[in-house]
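Undergrad: This is the structure I have questions about; it appears just below.
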Amino acid sequence: MPQYAILIYEAETPGGVADIPPEVMEANLRAGEQIAAMGVRVVHEQALQPSAATRTIHKGGLVTDGPFIESKEVIAGFFVVEAADLEQAVAVGRLLPIMDGAVEVRPLLTG
């Protein structure tokens, strides 16, 4: 079954996870059951530390603090799922609650 990365972009909040409204957290918890009911397997899921913990390595080896691209949203976490096709993976992405960002669904290269 093909695999897809589902990247969650969100605006960072000063208090991090503590600033996420309870209804958004509850929707995140319910998403796992809904995804399984669709017949999609979550291969991996991971939340990320705040972007302040990021280090970016540039061409030539220079290392800088923070993400390379300045933007309002940062990658807050990601999933890797096995789904029948891109449309089903997009349906999974639509289940994920977003406060002020977006969800990107991208097919993984297969070897």
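Ligands are numbered from 1 in the order shown, residues from 1 within each chain, and chains are lettered A, B, ... in the order they appear in the structure tokens.
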Check the DSSP output for the backbone and give back, as a ChimeraX atom specification, the residues of chain A in strand (DSSP E or B).
TA: /A:3-11,41-47,55-57,63-65,73-82,102-107
Undergrad: Taking 5 positions as the minimum chain separation for residues in the same chain, which residues sit within 12 Å of stretch 13-21 of chain A when counting only C-alpha atoms? Answer as a PDB file with N, CA and C atoms, in the first residue's frame.
TA:
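Final file, selection-v8.pdb:
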```pdb
ATOM      1  N   GLU A  26      -9.110  17.373  21.789  1.00  0.00           N
ATOM      2  CA  GLU A  26     -10.062  16.265  21.731  1.00  0.00           C
ATOM      3  C   GLU A  26     -10.237  15.777  20.297  1.00  0.00           C
ATOM      4  N   ALA A  27     -10.318  16.699  19.350  1.00  0.00           N
ATOM      5  CA  ALA A  27     -10.457  16.322  17.939  1.00  0.00           C
ATOM      6  C   ALA A  27      -9.223  15.560  17.466  1.00  0.00           C
ATOM      7  N   ASN A  28      -8.050  15.955  17.938  1.00  0.00           N
ATOM      8  CA  ASN A  28      -6.820  15.227  17.595  1.00  0.00           C
ATOM      9  C   ASN A  28      -6.882  13.793  18.119  1.00  0.00           C
ATOM     10  N   ALA A  47       4.924  14.621  17.130  1.00  0.00           N
ATOM     11  CA  ALA A  47       4.878  16.066  17.332  1.00  0.00           C
ATOM     12  C   ALA A  47       6.316  16.565  17.400  1.00  0.00           C
ATOM     13  N   LEU A  48       6.522  17.828  17.063  1.00  0.00           N
ATOM     14  CA  LEU A  48       7.866  18.401  17.057  1.00  0.00           C
ATOM     15  C   LEU A  48       8.020  19.457  18.146  1.00  0.00           C
ATOM     16  N   GLN A  49       9.240  19.629  18.611  1.00  0.00           N
ATOM     17  CA  GLN A  49       9.566  20.688  19.564  1.00  0.00           C
ATOM     18  C   GLN A  49       9.361  22.046  18.876  1.00  0.00           C
ATOM     19  N   PRO A  50       9.244  23.133  19.637  1.00  0.00           N
ATOM     20  CA  PRO A  50       9.095  24.458  19.030  1.00  0.00           C
ATOM     21  C   PRO A  50      10.248  24.789  18.085  1.00  0.00           C
ATOM     22  N   SER A  51       9.985  25.671  17.135  1.00  0.00           N
ATOM     23  CA  SER A  51      10.988  25.996  16.121  1.00  0.00           C
ATOM     24  C   SER A  51      12.248  26.632  16.717  1.00  0.00           C
ATOM     25  N   ALA A  52      12.160  27.177  17.925  1.00  0.00           N
ATOM     26  CA  ALA A  52      13.348  27.754  18.565  1.00  0.00           C
ATOM     27  C   ALA A  52      14.418  26.689  18.803  1.00  0.00           C
ATOM     28  N   LYS A  72       4.842  32.402   9.221  1.00  0.00           N
ATOM     29  CA  LYS A  72       3.916  32.422  10.338  1.00  0.00           C
ATOM     30  C   LYS A  72       3.697  31.008  10.875  1.00  0.00           C
ATOM     31  N   GLU A  73       3.632  30.029   9.971  1.00  0.00           N
ATOM     32  CA  GLU A  73       3.411  28.648  10.377  1.00  0.00           C
ATOM     33  C   GLU A  73       4.716  27.869  10.370  1.00  0.00           C
ATOM     34  N   VAL A  74       4.786  26.889  11.245  1.00  0.00           N
ATOM     35  CA  VAL A  74       5.923  25.970  11.296  1.00  0.00           C
ATOM     36  C   VAL A  74       5.366  24.554  11.270  1.00  0.00           C
ATOM     37  N   ALA A  76       4.408  21.527  12.910  1.00  0.00           N
ATOM     38  CA  ALA A  76       4.128  21.184  14.302  1.00  0.00           C
ATOM     39  C   ALA A  76       4.253  19.683  14.539  1.00  0.00           C
ATOM     40  N   GLY A  77       4.053  18.906  13.485  1.00  0.00           N
ATOM     41  CA  GLY A  77       4.138  17.460  13.611  1.00  0.00           C
ATOM     42  C   GLY A  77       3.872  16.818  12.269  1.00  0.00           C
ATOM     43  N   PRO A  97      -7.552  18.616  13.026  1.00  0.00           N
ATOM     44  CA  PRO A  97      -7.991  19.983  13.317  1.00  0.00           C
ATOM     45  C   PRO A  97      -6.823  20.968  13.200  1.00  0.00           C
ATOM     46  N   ILE A  98      -7.065  22.065  12.545  1.00  0.00           N
ATOM     47  CA  ILE A  98      -6.057  23.105  12.355  1.00  0.00           C
ATOM     48  C   ILE A  98      -6.595  24.403  12.967  1.00  0.00           C
ATOM     49  N   MET A  99      -5.801  25.033  13.822  1.00  0.00           N
ATOM     50  CA  MET A  99      -6.219  26.293  14.429  1.00  0.00           C
ATOM     51  C   MET A  99      -5.951  27.453  13.477  1.00  0.00           C
ATOM     52  N   ASP A 100      -4.733  27.522  12.947  1.00  0.00           N
ATOM     53  CA  ASP A 100      -4.341  28.663  12.115  1.00  0.00           C
ATOM     54  C   ASP A 100      -3.202  28.230  11.197  1.00  0.00           C
ATOM     55  N   GLY A 101      -3.417  27.202  10.405  1.00  0.00           N
ATOM     56  CA  GLY A 101      -2.338  26.686   9.573  1.00  0.00           C
ATOM     57  C   GLY A 101      -2.882  25.887   8.406  1.00  0.00           C
TER      58      GLY A 101
END
```
Undergrad: DSSP on the backbone: which residues in chain A end up as alpha helix (DSSP H)? Give the answer as number ranges by chain.
TA: A: 22-37, 86-95
Undergrad: Deliver the residues from the most recent selection as a file, using N, CA and C atoms, as a compact mmCIF listing (two decimals), in the first residue's frame.
TA:
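Done, and the output landed in out01.txt:
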```txt
# COMPACT_ATOMS: atom_id res chain seq x y z
N PRO A 22 -9.01 23.00 24.27
CA PRO A 22 -9.40 21.62 24.59
C PRO A 22 -10.14 20.92 23.46
N GLU A 23 -10.99 21.64 22.74
CA GLU A 23 -11.75 21.01 21.66
C GLU A 23 -10.84 20.57 20.51
N VAL A 24 -9.74 21.28 20.30
CA VAL A 24 -8.78 20.89 19.26
C VAL A 24 -8.01 19.66 19.71
N MET A 25 -7.62 19.61 20.97
CA MET A 25 -6.93 18.43 21.49
C MET A 25 -7.83 17.20 21.43
N GLU A 26 -9.11 17.37 21.79
CA GLU A 26 -10.06 16.27 21.73
C GLU A 26 -10.24 15.78 20.30
N ALA A 27 -10.32 16.70 19.35
CA ALA A 27 -10.46 16.32 17.94
C ALA A 27 -9.22 15.56 17.47
N ASN A 28 -8.05 15.96 17.94
CA ASN A 28 -6.82 15.23 17.59
C ASN A 28 -6.88 13.79 18.12
N LEU A 29 -7.35 13.62 19.33
CA LEU A 29 -7.44 12.29 19.92
C LEU A 29 -8.46 11.42 19.18
N ARG A 30 -9.58 12.01 18.76
CA ARG A 30 -10.60 11.26 18.01
C ARG A 30 -10.13 10.89 16.61
N ALA A 31 -9.22 11.63 16.05
CA ALA A 31 -8.77 11.39 14.67
C ALA A 31 -8.20 9.99 14.50
N GLY A 32 -7.50 9.48 15.50
CA GLY A 32 -6.91 8.14 15.40
C GLY A 32 -7.95 7.07 15.14
N GLU A 33 -9.06 7.13 15.86
CA GLU A 33 -10.15 6.16 15.67
C GLU A 33 -10.77 6.32 14.28
N GLN A 34 -10.95 7.56 13.84
CA GLN A 34 -11.54 7.81 12.53
C GLN A 34 -10.62 7.32 11.41
N ILE A 35 -9.34 7.51 11.59
CA ILE A 35 -8.36 7.06 10.58
C ILE A 35 -8.39 5.54 10.48
N ALA A 36 -8.39 4.87 11.61
CA ALA A 36 -8.44 3.40 11.61
C ALA A 36 -9.73 2.90 10.96
N ALA A 37 -10.85 3.58 11.22
CA ALA A 37 -12.13 3.19 10.64
C ALA A 37 -12.13 3.31 9.12
N LEU A 86 -3.96 8.67 -3.02
CA LEU A 86 -3.80 10.06 -2.56
C LEU A 86 -5.11 10.62 -2.02
N GLU A 87 -6.22 10.29 -2.66
CA GLU A 87 -7.51 10.82 -2.21
C GLU A 87 -7.84 10.36 -0.79
N GLN A 88 -7.53 9.09 -0.49
CA GLN A 88 -7.78 8.60 0.86
C GLN A 88 -6.84 9.27 1.85
N ALA A 89 -5.59 9.50 1.47
CA ALA A 89 -4.65 10.20 2.35
C ALA A 89 -5.10 11.64 2.60
N VAL A 90 -5.64 12.29 1.57
CA VAL A 90 -6.17 13.65 1.75
C VAL A 90 -7.36 13.62 2.71
N ALA A 91 -8.19 12.60 2.62
CA ALA A 91 -9.33 12.47 3.54
C ALA A 91 -8.83 12.36 4.98
N VAL A 92 -7.72 11.67 5.19
CA VAL A 92 -7.12 11.60 6.53
C VAL A 92 -6.67 13.00 6.96
N GLY A 93 -6.00 13.71 6.07
CA GLY A 93 -5.55 15.06 6.39
C GLY A 93 -6.68 15.99 6.77
N ARG A 94 -7.84 15.81 6.15
CA ARG A 94 -9.01 16.65 6.47
C ARG A 94 -9.54 16.40 7.88
N LEU A 95 -9.23 15.25 8.45
CA LEU A 95 -9.68 14.94 9.81
C LEU A 95 -8.92 15.72 10.88
```
Undergrad: Find the distance between atom CA of A:Arg41 and atom CA of A:Ile75 and write it in Å to one decimal.
TA: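 Separating atom CA of A:Arg41 from atom CA of A:Ile75 is a distance of 21.6 Å.
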Undergrad: Atom CA of A:Val103 and atom CA of A:Val40 are how many Å apart?
TA: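 Between atom CA of A:Val103 and atom CA of A:Val40 the gap is 17.1 Å.
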Undergrad: At what distance in Å, to one decimal, does atom CA of A:Tyr4 lie from atom CA of A:Val81?
TA: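 Between atom CA of A:Val81 and atom CA of A:Tyr4 the gap works out to 5.4 Å.
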